[in-house]
>>> print(open('query17.txt').read())   # compact mmCIF, C-alpha atoms
# COMPACT_ATOMS: atom_id res chain seq x y z
CA MET A 1 66.10 106.53 92.61
CA LYS A 2 69.54 104.96 92.71
CA VAL A 3 69.28 101.84 94.87
CA VAL A 4 72.11 99.59 96.04
CA ILE A 5 71.24 96.17 97.45
CA PHE A 6 73.86 94.04 99.23
CA GLY A 7 72.91 90.36 99.07
CA CYS A 8 71.15 88.54 96.25
CA GLY A 9 69.30 86.01 98.39
CA ARG A 10 65.53 85.54 98.26
CA THR A 11 64.81 88.93 99.80
CA GLY A 12 67.50 90.84 97.91
CA SER A 13 66.66 89.41 94.49
CA THR A 14 62.89 89.90 94.91
CA LEU A 15 63.35 93.50 96.02
CA ALA A 16 65.81 94.19 93.20
CA LEU A 17 63.42 92.91 90.54
CA GLN A 18 60.45 94.81 91.98
CA LEU A 19 62.33 98.09 92.15
CA ALA A 20 63.89 97.67 88.70
CA THR A 21 60.43 97.00 87.23
CA ARG A 22 59.29 100.31 88.68
CA GLY A 23 62.06 102.09 86.85
CA HIS A 24 64.59 102.55 89.65
CA LYS A 25 68.29 102.20 88.96
CA VAL A 26 69.27 99.08 90.91
CA THR A 27 72.77 97.78 91.61
CA ILE A 28 73.16 94.51 93.46
CA ILE A 29 76.31 93.46 95.33
CA GLU A 30 76.75 89.72 95.80
CA GLN A 31 79.73 87.61 96.78
CA ASN A 32 78.57 84.34 95.30
CA PRO A 33 78.07 84.43 91.51
CA ALA A 34 75.77 81.39 91.68
CA ALA A 35 73.24 83.40 93.70
CA LEU A 36 72.66 85.74 90.76
CA ARG A 37 70.53 83.12 89.00
CA ARG A 38 67.72 84.27 91.29
CA LEU A 39 67.48 87.40 89.15
CA GLY A 40 66.51 85.34 86.09
CA ARG A 41 67.82 86.01 82.60
CA ASP A 42 66.23 89.30 81.66
CA HIS A 43 66.76 91.71 84.45
CA ASN A 44 67.67 95.37 84.43
CA CYS A 45 69.92 95.34 87.48
CA GLU A 46 73.60 96.09 87.54
CA VAL A 47 75.67 93.49 89.31
CA VAL A 48 78.93 93.83 91.24
CA ILE A 49 80.59 90.65 92.49
CA GLY A 50 82.29 91.05 95.85
CA SER A 51 81.76 91.95 99.49
CA GLY A 52 79.79 94.98 100.58
CA LEU A 53 82.29 95.44 103.41
CA ASP A 54 84.97 96.31 100.91
CA ASP A 55 85.46 99.96 99.91
CA ASP A 56 86.52 99.06 96.37
CA ILE A 57 83.33 97.11 95.80
CA LEU A 58 81.14 99.81 97.35
CA ASP A 59 82.81 102.40 95.11
CA ARG A 60 82.27 100.24 92.07
CA ALA A 61 78.61 99.82 92.95
CA GLY A 62 78.30 103.61 93.06
CA VAL A 63 77.25 103.77 96.71
CA ARG A 64 78.47 107.37 96.88
CA ASP A 65 75.54 108.48 94.69
CA ALA A 66 73.00 106.07 96.12
CA ASP A 67 69.71 107.35 97.54
CA VAL A 68 69.17 104.18 99.49
CA PHE A 69 71.14 101.11 100.59
CA PHE A 70 69.69 97.76 101.64
CA ALA A 71 71.84 95.27 103.60
CA LEU A 72 70.12 91.94 103.01
CA THR A 73 72.70 89.15 103.26
CA ARG A 74 71.99 86.25 105.57
CA GLY A 75 74.68 87.43 108.01
CA ASP A 76 73.30 89.82 110.61
CA ASN A 77 76.72 91.13 111.50
CA THR A 78 77.72 91.54 107.88
CA ASN A 79 74.55 93.57 107.31
CA LEU A 80 75.12 95.70 110.40
CA MET A 81 78.70 96.45 109.46
CA ALA A 82 77.87 97.27 105.83
CA ALA A 83 75.09 99.57 107.03
CA GLN A 84 77.47 101.48 109.28
CA ILE A 85 80.09 101.79 106.55
CA VAL A 86 77.65 103.28 104.04
CA GLN A 87 75.93 105.48 106.60
CA LEU A 88 79.10 106.89 108.17
CA ARG A 89 81.66 106.81 105.39
CA TYR A 90 79.48 107.21 102.29
CA GLU A 91 76.80 109.33 103.95
CA VAL A 92 73.93 107.47 102.35
CA LYS A 93 70.77 109.00 103.81
CA ARG A 94 68.46 105.98 103.82
CA VAL A 95 69.80 102.66 104.99
CA CYS A 96 67.74 99.55 105.70
CA VAL A 97 69.22 96.53 107.49
CA LYS A 98 67.83 93.01 107.71
CA VAL A 99 68.59 91.52 111.15
CA ALA A 100 67.35 88.00 111.86
CA ASP A 101 68.16 87.98 115.56
CA PRO A 102 65.29 89.87 117.27
CA MET A 103 67.36 91.14 120.17
CA ARG A 104 70.20 92.36 118.00
CA SER A 105 67.63 94.03 115.78
CA ASP A 106 66.17 95.84 118.77
CA ALA A 107 69.59 96.94 120.04
CA TYR A 108 70.54 98.45 116.69
CA GLN A 109 67.15 100.09 116.26
CA ARG A 110 67.84 101.87 119.51
CA LEU A 111 71.17 102.95 118.03
CA GLY A 112 69.22 104.66 115.26
CA PHE A 113 69.37 102.12 112.45
CA PHE A 114 66.32 101.13 110.49
CA CYS A 115 66.31 97.37 111.03
CA ILE A 116 63.78 94.89 109.78
CA ASN A 117 63.43 91.70 111.74
CA PRO A 118 61.76 89.22 109.37
CA SER A 119 60.46 86.94 112.14
CA SER A 120 58.61 89.60 114.07
CA LEU A 121 57.26 91.04 110.82
CA THR A 122 55.95 87.68 109.64
CA ALA A 123 54.61 86.71 113.05
CA GLY A 124 52.86 90.06 113.49
CA MET A 125 51.22 89.89 110.07
CA MET A 126 50.07 86.34 110.68
CA ARG A 127 48.58 87.36 114.00
CA ASP A 128 46.68 90.19 112.31
CA TRP A 129 45.55 87.91 109.50
CA LEU A 130 44.20 85.43 112.02
CA THR A 131 42.29 88.06 113.98
CA SER A 132 41.21 89.88 110.79
CA GLU A 133 42.80 93.10 111.96
CA PRO A 134 44.15 95.53 109.35
CA TYR A 135 47.89 95.17 108.77
CA ALA A 136 49.92 97.59 110.81
CA PRO A 137 52.78 99.95 109.83
CA ILE A 138 56.19 98.28 109.73
CA ASP A 139 57.46 99.99 112.89
CA GLU A 140 54.66 98.44 114.87
CA TYR A 141 55.71 94.92 113.87
CA ASN A 142 59.33 95.75 114.50
CA ALA A 143 58.38 96.95 117.97
CA LEU A 144 57.02 93.50 118.80
CA VAL A 145 60.63 92.48 119.29
CA LYS A 146 60.75 94.59 122.41
CA GLU A 147 58.14 92.40 124.03
CA LEU A 148 60.76 89.70 124.20
CA SER A 149 62.86 90.30 127.25
CA LEU A 150 66.35 89.04 127.92
CA MET B 151 89.68 91.76 136.62
CA TYR B 152 87.00 89.87 134.74
CA MET B 153 87.88 89.55 131.07
CA ILE B 154 85.75 87.99 128.36
CA ILE B 155 87.36 86.86 125.13
CA VAL B 156 85.19 86.11 122.10
CA GLY B 157 86.72 83.78 119.53
CA GLY B 158 88.64 80.63 120.44
CA GLY B 159 91.13 80.47 117.62
CA ASN B 160 94.86 80.70 118.16
CA VAL B 161 94.79 84.34 119.18
CA GLY B 162 91.97 83.82 121.67
CA LEU B 163 93.53 80.70 123.15
CA HIS B 164 96.99 82.13 123.73
CA LEU B 165 95.60 85.40 125.03
CA ALA B 166 93.40 83.49 127.48
CA LYS B 167 96.38 81.44 128.68
CA LYS B 168 98.42 84.58 129.32
CA LEU B 169 95.64 86.37 131.15
CA ILE B 170 94.89 83.32 133.29
CA SER B 171 98.54 83.09 134.25
CA ASN B 172 98.34 86.77 135.27
CA ASN B 173 95.56 85.72 137.68
CA HIS B 174 92.70 87.37 135.86
CA GLU B 175 89.26 85.84 135.78
CA VAL B 176 88.94 84.82 132.14
CA LEU B 177 86.06 83.44 130.08
CA LEU B 178 86.63 82.34 126.50
CA LEU B 179 83.60 82.11 124.20
CA GLU B 180 83.74 79.73 121.26
CA ARG B 181 80.91 78.99 118.83
CA ASP B 182 82.07 75.58 117.61
CA PRO B 183 81.36 72.87 120.24
CA ARG B 184 84.31 70.66 119.22
CA GLN B 185 86.79 73.51 119.29
CA ALA B 186 85.33 74.59 122.65
CA GLN B 187 85.91 71.10 124.02
CA ARG B 188 89.52 71.20 122.89
CA LEU B 189 89.96 74.62 124.51
CA ALA B 190 88.43 73.35 127.75
CA GLN B 191 91.05 70.62 127.90
CA LEU B 192 93.81 73.17 127.41
CA ILE B 193 92.76 75.98 129.74
CA GLY B 194 90.16 74.36 132.00
CA GLU B 195 86.42 73.85 131.69
CA GLU B 196 85.61 76.75 133.99
CA ASN B 197 87.25 79.17 131.55
CA VAL B 198 85.35 78.17 128.38
CA ILE B 199 81.74 78.56 127.23
CA VAL B 200 80.20 77.23 124.01
CA GLY B 201 78.16 79.93 122.35
CA ASP B 202 77.93 82.70 119.82
CA GLY B 203 79.40 85.77 121.47
CA CYS B 204 77.39 87.98 119.11
CA GLU B 205 74.12 86.79 120.61
CA MET B 206 72.73 88.78 123.46
CA SER B 207 71.48 85.71 125.31
CA THR B 208 75.04 84.30 125.33
CA GLN B 209 76.33 87.68 126.40
CA LYS B 210 73.91 87.69 129.30
CA ASP B 211 74.78 84.14 130.37
CA SER B 212 78.49 84.82 130.29
CA GLY B 213 78.16 87.95 132.41
CA PHE B 214 78.94 90.80 130.02
CA GLU B 215 77.23 92.99 132.59
CA ARG B 216 80.06 92.66 135.10
CA ALA B 217 82.94 92.33 132.64
CA ASP B 218 85.79 94.81 133.02
CA VAL B 219 87.10 94.09 129.56
CA VAL B 220 85.62 92.45 126.46
CA ILE B 221 88.03 91.38 123.75
CA ALA B 222 86.80 90.22 120.33
CA VAL B 223 89.37 88.27 118.35
CA THR B 224 87.43 86.20 115.82
CA GLY B 225 88.60 86.06 112.22
CA GLU B 226 85.62 88.13 111.06
CA ASP B 227 85.66 91.91 111.44
CA GLU B 228 81.87 92.15 111.39
CA ASP B 229 81.56 89.74 114.32
CA ASN B 230 84.21 91.60 116.32
CA MET B 231 82.44 94.86 115.60
CA VAL B 232 79.04 93.64 116.81
CA VAL B 233 80.51 92.05 119.95
CA CYS B 234 82.27 95.26 120.95
CA GLN B 235 79.42 97.55 119.99
CA LEU B 236 76.86 95.56 121.99
CA ALA B 237 79.30 95.28 124.91
CA LYS B 238 79.56 99.07 125.06
CA VAL B 239 76.02 100.10 124.27
CA VAL B 240 73.93 97.36 125.87
CA TRP B 241 76.15 96.18 128.72
CA ASN B 242 78.16 99.35 129.47
CA VAL B 243 81.48 97.53 129.45
CA LYS B 244 84.18 100.13 130.12
CA ARG B 245 86.88 98.73 127.93
CA VAL B 246 86.49 96.88 124.67
CA LEU B 247 89.17 95.74 122.30
CA ALA B 248 88.71 94.40 118.78
CA ARG B 249 90.95 92.54 116.44
CA VAL B 250 90.65 94.07 112.98
CA ASN B 251 91.60 91.77 110.14
CA ASP B 252 91.18 94.19 107.25
CA PRO B 253 93.13 97.39 108.08
CA ALA B 254 90.67 99.36 105.95
CA HIS B 255 88.10 98.77 108.70
CA GLU B 256 90.16 100.33 111.50
CA SER B 257 88.86 103.84 110.98
CA LEU B 258 85.25 102.62 111.02
CA PHE B 259 85.80 100.91 114.37
CA GLN B 260 87.18 104.13 115.78
CA GLN B 261 84.33 106.15 114.29
CA ILE B 262 81.74 104.03 116.07
CA GLY B 263 83.49 104.28 119.42
CA ILE B 264 85.58 101.11 119.55
CA ASP B 265 88.75 102.89 120.57
CA ASP B 266 91.09 99.98 120.96
CA THR B 267 91.79 97.96 117.86
CA VAL B 268 94.62 95.67 116.94
CA SER B 269 95.45 94.84 113.37
CA ALA B 270 98.24 92.37 112.78
CA THR B 271 98.45 93.50 109.17
CA SER B 272 98.99 97.12 110.18
CA ILE B 273 101.55 96.20 112.81
CA ILE B 274 103.61 94.06 110.46
CA HIS B 275 103.32 96.67 107.75
CA SER B 276 104.56 99.45 109.99
CA LEU B 277 107.38 97.27 111.29
CA ILE B 278 108.55 96.68 107.76
CA GLU B 279 108.18 100.33 106.91
CA GLN B 280 110.13 101.37 109.98
CA GLN B 281 112.92 98.90 109.81
CA ILE B 282 113.76 98.34 106.23
CA SER B 283 114.03 100.91 103.50
CA PRO B 284 112.74 99.62 100.18
CA ASP B 285 116.17 99.26 98.57
CA VAL B 286 117.32 96.76 101.19
CA MET B 287 114.05 94.88 101.56
CA LEU B 288 114.71 91.18 101.98
CA PRO B 289 112.35 88.28 102.16
CA VAL B 290 112.17 87.16 105.79
CA GLY B 291 112.88 83.57 104.75
CA ALA B 292 116.21 84.60 103.30
CA LEU B 293 117.14 86.24 106.59
CA ALA B 294 116.42 83.08 108.53
CA ARG B 295 118.36 80.88 106.10
CA GLY B 296 121.38 83.13 106.48
CA HIS B 297 121.03 83.16 110.30
CA LEU B 298 120.69 86.91 110.03
CA GLU B 299 118.53 89.32 111.90
CA ILE B 300 117.59 92.92 111.63
CA VAL B 301 118.13 94.73 114.92
CA GLU B 302 117.68 98.24 116.25
CA VAL B 303 120.09 99.94 118.60
CA GLU B 304 119.53 103.32 120.16
CA ILE B 305 122.33 105.76 120.84
CA GLY B 306 121.87 106.95 124.43
CA HIS B 307 123.81 109.63 126.30
CA ARG B 308 126.19 107.08 127.75
CA SER B 309 126.87 105.21 124.54
CA PRO B 310 130.64 104.96 123.94
CA VAL B 311 130.11 105.62 120.24
CA LEU B 312 128.21 108.89 120.75
CA GLY B 313 129.75 111.62 118.58
CA LYS B 314 131.95 109.17 116.69
CA LYS B 315 132.03 108.69 112.96
CA ILE B 316 131.12 105.25 111.65
CA ARG B 317 134.65 104.76 110.24
CA GLU B 318 136.10 105.24 113.73
CA ILE B 319 134.13 102.34 115.18
CA SER B 320 135.30 98.79 114.87
CA LEU B 321 132.14 96.79 114.20
CA PRO B 322 131.66 93.14 115.13
CA PRO B 323 132.19 90.74 112.22
CA LYS B 324 129.34 90.11 109.78
CA THR B 325 127.58 93.35 110.65
CA ASN B 326 126.02 95.78 108.22
CA LEU B 327 124.67 99.13 109.31
CA ILE B 328 121.68 99.77 107.11
CA TRP B 329 120.01 102.94 108.13
CA ILE B 330 119.85 105.62 110.78
CA LEU B 331 116.47 106.84 111.92
CA ARG B 332 116.95 110.44 113.01
CA GLU B 333 114.05 112.75 113.87
CA GLU B 334 111.21 112.30 111.40
CA SER B 335 113.11 110.66 108.56
CA GLY B 336 116.41 108.94 108.32
CA LEU B 337 119.63 108.61 106.40
CA ALA B 338 121.72 105.97 104.77
CA VAL B 339 124.93 105.19 106.64
CA THR B 340 128.35 106.13 105.27
CA GLY B 341 131.80 106.16 106.89
CA ASP B 342 131.44 109.88 107.55
CA THR B 343 128.08 109.66 109.32
CA GLU B 344 128.45 110.96 112.86
CA LEU B 345 126.31 109.32 115.52
CA ARG B 346 124.09 111.62 117.52
CA MET B 347 122.15 111.18 120.71
CA GLY B 348 118.75 109.50 120.05
CA ASP B 349 119.80 108.01 116.72
CA MET B 350 118.12 104.69 116.05
CA LEU B 351 120.49 102.49 114.13
CA VAL B 352 119.15 99.65 112.03
CA ALA B 353 121.64 96.87 111.38
CA LEU B 354 121.72 93.57 109.60
CA VAL B 355 123.77 91.23 111.69
CA SER B 356 124.66 87.58 111.94
CA ARG B 357 122.78 86.10 114.89
CA ASP B 358 126.05 85.04 116.55
CA HIS B 359 127.25 88.62 116.69
CA SER B 360 124.15 90.62 117.65
CA GLU B 361 125.11 90.63 121.35
CA GLU B 362 128.47 92.18 120.54
CA LEU B 363 126.70 94.84 118.55
CA TYR B 364 124.46 95.71 121.48
CA ALA B 365 127.46 95.76 123.85
CA LEU B 366 129.23 98.22 121.58
CA PHE B 367 126.41 100.66 120.93
CA GLU B 368 124.03 100.27 123.81
CA PRO B 369 125.91 98.97 126.87
CA ASP B 370 123.13 99.99 129.29
CA ARG B 371 120.58 97.79 127.54
CA PRO B 372 118.67 95.79 130.17
>>> encode(input="query17.txt", output="structure tokens")
Amino acid sequence: MKVVIFGCGRTGSTLALQLATRGHKVTIIEQNPAALRRLGRDHNCEVVIGSGLDDDILDRAGVRDADVFFALTRGDNTNLMAAQIVQLRYEVKRVCVKVADPMRSDAYQRLGFFCINPSSLTAGMMRDWLTSEPYAPIDEYNALVKELSL
Amino acid sequence: MYMIIVGGGNVGLHLAKKLISNNHEVLLLERDPRQAQRLAQLIGEENVIVGDGCEMSTQKDSGFERADVVIAVTGEDEDNMVVCQLAKVVWNVKRVLARVNDPAHESLFQQIGIDDTVSATSIIHSLIEQQISPDVMLPVGALARGHLEIVEVEIGHRSPVLGKKIREISLPPKTNLIWILREESGLAVTGDTELRMGDMLVALVSRDHSEELYALFEPDRP
């Protein structure tokens, strides 16, 4: 699969290395060159320096042919905007967005985006670990967000 | 009308001032506490809230639910997008308006239902495109140093110069007619050019003489 990952933070770099090891073609977009050290020295990922909100950069990263796009920067809004650009303008079929704010994550899930809210995921897994329940599918943890009300 | 502005930079501040003076109920949201304090001194405490306008809890506290208009004018397109999108989808705000910093993002905003966008870059670009043909393009600084300005005059049905050739008109001193915008395109001005109804004339004129130019071409100008 051709995978494009926007954001080489802890999540982005770990995912990039795991997917590259499994033989997928991974391109990572990152604004800050210093963050690329997280990939280590011997990695098989392509790297494009710049913003994933910028058409030129997305073109250079080959988003047009991507099977999947991950928006994993630490900015929720940056991720949400990048996701909408690649979904609407580049017609990438599978788009995954990291959204740290639980309520924003819920709102955009209702808009049809596949959002992952790291806090509810971690909290849900810890709860299940504590009570020795089997780990649940990702959507179930994501849905925990909805239990928070405004 | 109740209007919420997100982003307390220069654009947000001056917009808030104007809207307050038009007797609207205005709330300005600013993330940075120190900037918010400064804004409160300028436009009144009751018109400013410290908070991240992208967060739904802040949106709830500031009454997005009953807002007639939500305007997002931060320096970041992604923040403006999220503010407007949540305002429409979650809070059913009828009218949202976003400042778009990168003109390349304008079409995305429209695609996702944010109908009203303002891009200073696009506006300035189109002004330049409309007013100055490339062969007479001047740096704006040079215009100011020479006390010159570029003005537009429209030839209406009562204009005394309607139907006249340029050579038959005695122009004010220090005036250069640059271009005539006629229908879709335009034409360079020569002595033989005849002025027609609806012509938009672009002129380079010394600031001291621009009033005379208007008086000559467009006497009905308000």
>>> closest_residue(input="query17.txt", among="B:Gly336, B:Val156, B:Cys204, B:Leu192", to="Ser105 in chain A", atoms="all atoms listed in the file")
B:Cys204
>>> interface_residues(input="query17.txt", of="chain A", to="chain B", cutoff="9 Å", atoms="all atoms listed in the file", output="list in words")
Leu53, Asp54, Asp55, Asp76, Asn77, Thr78, Asn79, Leu80, Met81, Ala82, Gln84, Ile85, Leu88, Arg89, Asp101, Met103, Arg104, Ala107, Tyr108, Leu111 and Leu150 of chain A
>>> residues_around(input="query17.txt", residues="range 301-313 of chain B", least_positions_apart="6", cutoff="12 Å", atoms="all atoms listed in the file", output="CSV table (one decimal) with C-alpha atoms, in the frame of the given file")
chain,number,residue,atom,x,y,z
B,277,LEU,CA,107.4,97.3,111.3
B,280,GLN,CA,110.1,101.4,110.0
B,281,GLN,CA,112.9,98.9,109.8
B,282,ILE,CA,113.8,98.3,106.2
B,293,LEU,CA,117.1,86.2,106.6
B,319,ILE,CA,134.1,102.3,115.2
B,320,SER,CA,135.3,98.8,114.9
B,321,LEU,CA,132.1,96.8,114.2
B,325,THR,CA,127.6,93.4,110.6
B,326,ASN,CA,126.0,95.8,108.2
B,327,LEU,CA,124.7,99.1,109.3
B,328,ILE,CA,121.7,99.8,107.1
B,329,TRP,CA,120.0,102.9,108.1
B,330,ILE,CA,119.8,105.6,110.8
B,331,LEU,CA,116.5,106.8,111.9
B,332,ARG,CA,117.0,110.4,113.0
B,342,ASP,CA,131.4,109.9,107.6
B,343,THR,CA,128.1,109.7,109.3
B,344,GLU,CA,128.4,111.0,112.9
B,345,LEU,CA,126.3,109.3,115.5
B,346,ARG,CA,124.1,111.6,117.5
B,347,MET,CA,122.2,111.2,120.7
B,348,GLY,CA,118.8,109.5,120.0
B,349,ASP,CA,119.8,108.0,116.7
B,350,MET,CA,118.1,104.7,116.0
B,351,LEU,CA,120.5,102.5,114.1
B,352,VAL,CA,119.2,99.6,112.0
B,353,ALA,CA,121.6,96.9,111.4
B,354,LEU,CA,121.7,93.6,109.6
B,355,VAL,CA,123.8,91.2,111.7
B,356,SER,CA,124.7,87.6,111.9
B,357,ARG,CA,122.8,86.1,114.9
B,359,HIS,CA,127.2,88.6,116.7
B,360,SER,CA,124.2,90.6,117.6
B,361,GLU,CA,125.1,90.6,121.4
B,362,GLU,CA,128.5,92.2,120.5
B,363,LEU,CA,126.7,94.8,118.6
B,364,TYR,CA,124.5,95.7,121.5
B,365,ALA,CA,127.5,95.8,123.8
B,366,LEU,CA,129.2,98.2,121.6
B,367,PHE,CA,126.4,100.7,120.9
B,368,GLU,CA,124.0,100.3,123.8
B,369,PRO,CA,125.9,99.0,126.9
B,370,ASP,CA,123.1,100.0,129.3
B,371,ARG,CA,120.6,97.8,127.5
>>> closest_residue(input="query17.txt", among="B:Ala190, B:Met153, B:Val339, B:Ala248", to="Asn172 in chain B", atoms="only C-alpha atoms")
B:Met153
>>> closest_residue(input="query17.txt", among="B:Gly225, B:Gly341, B:Gly159, B:Pro323", to="Arg249 in chain B", atoms="only C-alpha atoms")
B:Gly225
>>> residues_around(input="query17.txt", residues="Gln87 in chain A", least_positions_apart="5", cutoff="10 Å", atoms="all atoms listed in the file", output="list in words")
Val68, Phe69, Met81, Ala82, Val92, Lys93, Arg94, Val95 and Phe113 of chain A
>>> residues_around(input="query17.txt", residues="Asp218 in chain B", least_positions_apart="6", cutoff="7 Å", atoms="only C-alpha atoms", output="list in words")
Met151, Tyr152, Met153, Val243, Lys244 and Arg245 of chain B
>>> closest_residue(input="query17.txt", among="B:Trp241, B:Ser171, B:Ile154, B:Val220", to="Thr267 in chain B", atoms="all atoms listed in the file")
B:Val220
>>> closest_residue(input="query17.txt", among="B:Ile193, B:Leu179, B:Ile278, B:Ile155", to="Lys167 in chain B", atoms="only C-alpha atoms")
B:Ile193
>>> atom_distance(input="query17.txt", atom1="CA of Leu337 in chain B", atom2="CA of Leu298 in chain B")
22.0 Å
>>> residues_around(input="query17.txt", residues="Leu15 in chain A", least_positions_apart="3", cutoff="12 Å", atoms="all atoms listed in the file", output="list of chain:residue names")
A:Val3, A:Val4, A:Ile5, A:Phe6, A:Gly7, A:Cys8, A:Gly9, A:Arg10, A:Thr11, A:Gly12, A:Gln18, A:Leu19, A:Ala20, A:Thr21, A:Arg22, A:His24, A:Val26, A:Thr27, A:Ile28, A:Arg38, A:Leu39, A:Cys45, A:Phe69, A:Phe70, A:Ala71, A:Leu72
>>> residues_around(input="query17.txt", residues="range 134-142 of chain A", least_positions_apart="4", cutoff="8 Å", atoms="only C-alpha atoms", output="list in words")
Cys115, Ile116, Asn117, Ser120, Leu121, Gly124, Met125, Asp128 and Trp129 of chain A
>>> atom_distance(input="query17.txt", atom1="CA of Asp211 in chain B", atom2="CA of Asp266 in chain B")
24.6 Å
>>> atom_distance(input="query17.txt", atom1="CA of Cys234 in chain B", atom2="CA of Gly201 in chain B")
15.9 Å
>>> build_atoms(input="query17.txt", residues="range 58-76 of chain A", atoms="N, CA and C atoms", output="compact mmCIF listing (two decimals), in the frame of the given file")
# COMPACT_ATOMS: atom_id res chain seq x y z
N LEU A 58 82.17 98.79 97.12
CA LEU A 58 81.14 99.81 97.35
C LEU A 58 81.30 100.96 96.36
N ASP A 59 82.55 101.34 96.10
CA ASP A 59 82.81 102.40 95.11
C ASP A 59 82.31 101.97 93.74
N ARG A 60 82.64 100.72 93.40
CA ARG A 60 82.27 100.24 92.07
C ARG A 60 80.75 100.17 91.91
N ALA A 61 80.07 99.90 93.02
CA ALA A 61 78.61 99.82 92.95
C ALA A 61 77.97 101.22 92.97
N GLY A 62 78.81 102.24 93.09
CA GLY A 62 78.30 103.61 93.06
C GLY A 62 77.54 104.02 94.31
N VAL A 63 77.95 103.47 95.46
CA VAL A 63 77.25 103.77 96.71
C VAL A 63 77.27 105.27 97.03
N ARG A 64 78.33 105.95 96.59
CA ARG A 64 78.47 107.37 96.88
C ARG A 64 77.27 108.19 96.36
N ASP A 65 76.69 107.74 95.26
CA ASP A 65 75.54 108.48 94.69
C ASP A 65 74.21 107.81 95.01
N ALA A 66 74.24 106.81 95.88
CA ALA A 66 73.00 106.07 96.12
C ALA A 66 72.03 106.86 96.99
N ASP A 67 70.72 106.75 96.69
CA ASP A 67 69.71 107.35 97.54
C ASP A 67 69.37 106.43 98.70
N VAL A 68 69.53 105.14 98.44
CA VAL A 68 69.17 104.18 99.49
C VAL A 68 70.03 102.93 99.37
N PHE A 69 70.33 102.33 100.54
CA PHE A 69 71.14 101.11 100.59
C PHE A 69 70.40 100.08 101.43
N PHE A 70 70.30 98.87 100.89
CA PHE A 70 69.69 97.76 101.64
C PHE A 70 70.77 96.72 101.95
N ALA A 71 70.91 96.34 103.22
CA ALA A 71 71.84 95.27 103.60
C ALA A 71 71.02 94.02 103.88
N LEU A 72 71.06 93.07 102.95
CA LEU A 72 70.12 91.94 103.01
C LEU A 72 70.81 90.59 102.89
N THR A 73 72.07 90.48 103.29
CA THR A 73 72.70 89.15 103.26
C THR A 73 72.14 88.33 104.40
N ARG A 74 72.54 87.05 104.47
CA ARG A 74 71.99 86.25 105.57
C ARG A 74 72.80 86.41 106.85
N GLY A 75 73.87 87.20 106.80
CA GLY A 75 74.68 87.43 108.01
C GLY A 75 74.27 88.73 108.69
N ASP A 76 73.71 88.62 109.88
CA ASP A 76 73.30 89.82 110.61
C ASP A 76 74.46 90.80 110.80
